[in-house]
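Structure record follows, encoded as structure tokens.
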Amino acid sequence: MFKYAVVREPGSNFCQGITTSELGLPDYKKALQQHKAYCEALKKCGLKLIILKPEIRFPDGEFVEDTAVVTERCAVITCLGAETRRGEEFKIKKVLQKFKKIKIIKPPGTVDGGDVLKVGNHFYIGLSERTNKEGANQLGFILAKYCYGFKIIPVKTILHLKTGITYIGRNNMVAIDKFAKNKEFSKFNIIKIDKSESYSANCLLINTFLLIPKGFPKTKEKLQALGYKILEIDMSEFQKMDGGLTCLSILF
Ligand code: CIR
């Protein structure tokens, strides 16, 4: 069970963050409302929130997930793959060190938390444009020291591993076609996401609730049929900046 979530409000210049999406400029007011609704959903799941203020020098700062990998036994502060985002992790480290033993990914290693998929005591680490081999290995060795297993998974064509696949408990993975076919994940029940709804492969299980992005009816129907208690969250403004549900919080 998770008890805490670290989140950061989006700053007024968050539309200056990195994006590859062609969905247009996000609306700041709407993003703030959506962020508030996201925080309310986390509270509904029983979490205590640690809410950080935006820092203007980090327009991508609300995507806190990328800055740390938190486990039961330690927290690993990452070295972000995008140079413009380096430094976002300072405040996160200050918060996490009150709760966890801290380990650090060192350059030239880079890791984004969005590439790290935890399933119980095992971690899948995506090798992407943001997470390099050196970073993935550093993270793997740290995790192994704490008795976790890990496996490195190549990620191409999408931003992060969890952009395309997330674990939602009960041996269920929600995945886009590319990962649904990957034999590394063949031991899971795969809920395959329709091509037209690929953004909804990023779901977030928090205790007894499953958060899914709003506006993806095919995914919703499949997950409802499996008996999940679903909270639908409007993510339109964060989607425009390539962010998904998992990106907006660090849970532990
Ligand atoms: C970036 O490109 O770094 C941000 N605009 C989006 C980061 C999304 N984070 C995530 O998927 N974990």
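Residue numbering restarts at 1 in every chain; chains get A, B, ... in the order shown in the structure tokens, and ligands count up from 1 in that same order.
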
Could you find all residues in segment 1-59 of chain A that DSSP calls helix (DSSP H, G or I) from the backbone, and write them as a VMD selection string?
-> chain A and resid 14 to 16 28 to 44

Ligand 1: which residues are within 8 Å, counting only C-alpha atoms and all ligand atoms, as a ChimeraX atom specification?
-> /A:17-20,60,63-66,82,85,112-115,159-160,162-163,241-244,246-248

Any idea what's packed within 8 Å of Ala75 of chain A, counting only C-alpha atoms, ignoring anything in its chain fewer than 6 positions away? Could you give it as JSON, numbers by chain?
-> {"A": [68, 69, 96, 100, 101, 102, 103]}

What lies within 10 Å of Ile176 of chain A using only C-alpha atoms, ignoring chain neighbours under 4 positions off, as a ChimeraX atom specification?
-> /A:163-166,180-181,190-195,197-202

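Pairwise distance (atom CA of Arg8 of chain A, atom CA of Ile142 of chain A) equals 26.3 Å.
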
Fewer than 2 positions away in the same chain doesn't count, so skip those; otherwise give me all residues within 12 Å of Phe14 of chain A, counting only C-alpha atoms, as a ChimeraX atom specification.
-> /A:8-12,16-19,25-32,54-63,237-238,240-243

Write down as number ranges by chain the residues belonging to segment 73-175 of chain A that are assigned strand (DSSP E or B) by DSSP computed on the backbone.
-> A: 75-77, 102-104, 116-119, 122-127, 149-154, 165-167, 172-175

Pick from A:Leu226, A:Cys74, A:Leu52, A:Cys15 nearest to Cys147 of chain A, counting only C-alpha atoms = A:Cys74

Nearby residues (only C-alpha atoms) at most 12 Å from Ile168 of chain A, same-chain spacing under 5 positions excluded, as a PyMOL selection string | chain A and resi 117-120+162+173-175+188-191+201-212+223+226-230+246

Near Glu40 of chain A, counting only C-alpha atoms, which residues have an atom at most 12 Å away, once you skip same-chain residues fewer than 2 positions from it, shown as a count of residues only?
-> 21

Using only C-alpha atoms, the residue out of A:Asn172, A:Lys91, A:Arg73, A:Gly81 with shortest distance to Lys133 of chain A is A:Gly81

Can you work out the spacing between atom CA of Lys106 of chain A and atom CA of Phe123 of chain A in Å, to one decimal?
->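 A separation of 19.2 Å between them.
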
Between A:Leu139, A:Ile125, A:Leu245, A:Ile104, which has the minimum distance to Lys151 of chain A (counting only C-alpha atoms)?
->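 Of the candidates, the smallest distance to Lys151 of chain A is held by A:Ile125.
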
Which one of A:Arg170, A:Ala41, A:Val116, A:Tyr4 sits closest to Asp234 of chain A if you count only C-alpha atoms?
-> A:Ala41

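Counting only C-alpha atoms and comparing A:Ser196, A:Gly87, A:Ile250, A:Met235, the residue that lies closest to Pro213 of chain A is A:Met235.
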